[in-house]
Amino acid sequence: VCDATSWDEIEYKSGVRQADIRKAARIYCDADRSIISWCLGVTQHEHGVDSVREIVNLLLLRGNLGREGAGPSPVRGHSNVQGNRTCGIDHRPAGAFLDRLAEVCGIDPPREHGMDTVHTIEAMHRDEIKVFVGMGGNFASAAPDT
């Protein structure tokens with residue numbers, strides 16, 4: 001597939017000149033170790049799974065996995081919206097975690113799970129949401145492309 005794609009198409013679709021792509025490739029090839037970071041634009045894209053797989057494959061090609069100063073680095077979203085989050089926070093915590101949280105912090109944490117981004121937008125379309133408060137960012141633009 002790669003060989004069948006012209007440089008003109010690659011430049012047009014990426015918005016990056018061939019010379020700059022080749023320069024980045026040379027920097028990567030010459031580096032002793034590399035970390036590749038990406039954000040929600042890659043993760044939530046229609047082909048996000050394929051893109052992340054190829055990022056990891058690129059890291060594997062040069063041995064940039066499993067050693068200090070090298071590897072994948074997914075940068076979590078502005079509100080840590082991707083699965084298990086920073087510091088082990090989970091949007092659907094287990095009962096045992098909530099029990100321990102209540103014990104240690106002297107609180108009664110909520111047990112009912114809320115809605116994720118997609119379910120919230122779907123509920124808005126069904127007129128099931130009475131109030132929505134956005135605290136910065138563009139909620140709809142940051143949503144996965146469903």
# chains A, B, ... in the order shown; residues from 1 in each chain; ligands from 1
call {"tool": "residues_around", "arguments": {"residues": "A:Leu60", "least_positions_apart": "4", "cutoff": "12 Å", "atoms": "only C-alpha atoms", "output": "number ranges by chain"}}
result
A: 33-36, 53-56, 64-67, 70-72
call {"tool": "write_last_selection", "arguments": {"atoms": "N, CA, C and O atoms", "output": "PDB file, in the first residue's frame"}}
result
ATOM      1  N   ARG A  33      17.822   6.708  20.907  1.00  0.00           N
ATOM      2  CA  ARG A  33      16.544   6.284  21.477  1.00  0.00           C
ATOM      3  C   ARG A  33      15.497   7.338  21.132  1.00  0.00           C
ATOM      4  O   ARG A  33      15.815   8.510  20.994  1.00  0.00           O
ATOM      5  N   SER A  34      14.263   6.888  21.029  1.00  0.00           N
ATOM      6  CA  SER A  34      13.182   7.801  20.648  1.00  0.00           C
ATOM      7  C   SER A  34      11.922   7.520  21.438  1.00  0.00           C
ATOM      8  O   SER A  34      11.620   6.377  21.773  1.00  0.00           O
ATOM      9  N   ILE A  35      11.201   8.596  21.700  1.00  0.00           N
ATOM     10  CA  ILE A  35       9.873   8.525  22.297  1.00  0.00           C
ATOM     11  C   ILE A  35       8.933   9.178  21.290  1.00  0.00           C
ATOM     12  O   ILE A  35       9.216  10.264  20.793  1.00  0.00           O
ATOM     13  N   ILE A  36       7.835   8.511  20.975  1.00  0.00           N
ATOM     14  CA  ILE A  36       6.832   9.099  20.090  1.00  0.00           C
ATOM     15  C   ILE A  36       5.596   9.397  20.925  1.00  0.00           C
ATOM     16  O   ILE A  36       5.039   8.500  21.566  1.00  0.00           O
ATOM     17  N   ARG A  53      -1.105   1.485  16.192  1.00  0.00           N
ATOM     18  CA  ARG A  53      -0.369   0.246  15.882  1.00  0.00           C
ATOM     19  C   ARG A  53       0.870   0.566  15.042  1.00  0.00           C
ATOM     20  O   ARG A  53       1.949   0.021  15.282  1.00  0.00           O
ATOM     21  N   GLU A  54       0.742   1.459  14.069  1.00  0.00           N
ATOM     22  CA  GLU A  54       1.894   1.794  13.230  1.00  0.00           C
ATOM     23  C   GLU A  54       2.932   2.620  13.986  1.00  0.00           C
ATOM     24  O   GLU A  54       4.126   2.498  13.724  1.00  0.00           O
ATOM     25  N   ILE A  55       2.498   3.444  14.922  1.00  0.00           N
ATOM     26  CA  ILE A  55       3.456   4.162  15.776  1.00  0.00           C
ATOM     27  C   ILE A  55       4.283   3.145  16.555  1.00  0.00           C
ATOM     28  O   ILE A  55       5.515   3.230  16.629  1.00  0.00           O
ATOM     29  N   VAL A  56       3.625   2.151  17.132  1.00  0.00           N
ATOM     30  CA  VAL A  56       4.331   1.116  17.890  1.00  0.00           C
ATOM     31  C   VAL A  56       5.232   0.301  16.963  1.00  0.00           C
ATOM     32  O   VAL A  56       6.375  -0.019  17.313  1.00  0.00           O
ATOM     33  N   ASN A  64      12.985   0.678  20.005  1.00  0.00           N
ATOM     34  CA  ASN A  64      12.627   1.751  20.933  1.00  0.00           C
ATOM     35  C   ASN A  64      11.450   1.395  21.834  1.00  0.00           C
ATOM     36  O   ASN A  64      10.604   2.233  22.140  1.00  0.00           O
ATOM     37  N   LEU A  65      11.424   0.157  22.274  1.00  0.00           N
ATOM     38  CA  LEU A  65      10.446  -0.280  23.266  1.00  0.00           C
ATOM     39  C   LEU A  65      11.177  -1.032  24.365  1.00  0.00           C
ATOM     40  O   LEU A  65      12.141  -1.752  24.098  1.00  0.00           O
ATOM     41  N   GLY A  66      10.731  -0.840  25.599  1.00  0.00           N
ATOM     42  CA  GLY A  66      11.267  -1.628  26.698  1.00  0.00           C
ATOM     43  C   GLY A  66      12.626  -1.202  27.207  1.00  0.00           C
ATOM     44  O   GLY A  66      13.299  -1.973  27.887  1.00  0.00           O
ATOM     45  N   ARG A  67      13.038   0.011  26.893  1.00  0.00           N
ATOM     46  CA  ARG A  67      14.297   0.499  27.467  1.00  0.00           C
ATOM     47  C   ARG A  67      14.145   1.963  27.841  1.00  0.00           C
ATOM     48  O   ARG A  67      13.299   2.681  27.304  1.00  0.00           O
ATOM     49  N   ALA A  70      12.967   5.559  25.839  1.00  0.00           N
ATOM     50  CA  ALA A  70      12.391   5.189  24.550  1.00  0.00           C
ATOM     51  C   ALA A  70      10.987   4.633  24.765  1.00  0.00           C
ATOM     52  O   ALA A  70      10.679   4.107  25.825  1.00  0.00           O
ATOM     53  N   GLY A  71      10.150   4.765  23.734  1.00  0.00           N
ATOM     54  CA  GLY A  71       8.845   4.119  23.797  1.00  0.00           C
ATOM     55  C   GLY A  71       7.695   5.000  23.393  1.00  0.00           C
ATOM     56  O   GLY A  71       7.863   6.153  23.007  1.00  0.00           O
ATOM     57  N   PRO A  72       6.495   4.442  23.487  1.00  0.00           N
ATOM     58  CA  PRO A  72       5.282   5.200  23.158  1.00  0.00           C
ATOM     59  C   PRO A  72       4.877   6.099  24.321  1.00  0.00           C
ATOM     60  O   PRO A  72       5.111   5.766  25.477  1.00  0.00           O
TER      61      PRO A  72
END
call {"tool": "atom_distance", "arguments": {"atom1": "atom CA of A:Val52", "atom2": "atom CA of A:Asp20"}}
result
21.4 Å
call {"tool": "atom_distance", "arguments": {"atom1": "atom CA of A:His45", "atom2": "atom CA of A:Tyr28"}}
result
24.1 Å
call {"tool": "residues_around", "arguments": {"residues": "A:Ala94", "least_positions_apart": "3", "cutoff": "12 Å", "atoms": "only C-alpha atoms", "output": "count of residues only"}}
result
13
call {"tool": "atom_distance", "arguments": {"atom1": "atom CA of A:Ile107", "atom2": "atom CA of A:Arg92"}}
result
17.5 Å
call {"tool": "residues_around", "arguments": {"residues": "A:Arg62", "least_positions_apart": "3", "cutoff": "8 Å", "atoms": "only C-alpha atoms", "output": "list in words"}}
result
Cys29, Leu58 and Leu59 of chain A
call {"tool": "write_last_selection", "arguments": {"atoms": "N, CA and C atoms", "output": "mmCIF file, in the first residue's frame"}}
result
data_model
loop_
_atom_site.group_PDB
_atom_site.id
_atom_site.type_symbol
_atom_site.label_atom_id
_atom_site.label_comp_id
_atom_site.auth_asym_id
_atom_site.auth_seq_id
_atom_site.Cartn_x
_atom_site.Cartn_y
_atom_site.Cartn_z
ATOM 1 N N CYS A 29 16.101 7.912 12.491
ATOM 2 C CA CYS A 29 17.074 6.841 12.212
ATOM 3 C C CYS A 29 18.411 7.081 12.907
ATOM 4 N N LEU A 58 6.705 1.360 14.288
ATOM 5 C CA LEU A 58 7.862 2.210 14.000
ATOM 6 C C LEU A 58 8.853 2.164 15.164
ATOM 7 N N LEU A 59 8.347 2.214 16.381
ATOM 8 C CA LEU A 59 9.219 2.115 17.551
ATOM 9 C C LEU A 59 9.925 0.759 17.592
#
call {"tool": "select_by_dssp", "arguments": {"residues": "chain A", "states": "alpha helix (DSSP H)", "output": "MDAnalysis selection string"}}
result
chainID A and resid 7:14 18:30 40:43 48:61 95:105 117:125
call {"tool": "select_by_dssp", "arguments": {"residues": "stretch 23-130 of chain A", "states": "strand (DSSP E or B)", "output": "list in words"}}
result
Ile35, Ile36, Ser37, Trp38, Gly71, Pro72, Ser73 and Pro74 of chain A
call {"tool": "residues_around", "arguments": {"residues": "A:Gly41", "least_positions_apart": "2", "cutoff": "12 Å", "atoms": "only C-alpha atoms", "output": "PyMOL selection string"}}
result
chain A and resi 37-39+43-49+51-52+74-77+141-145
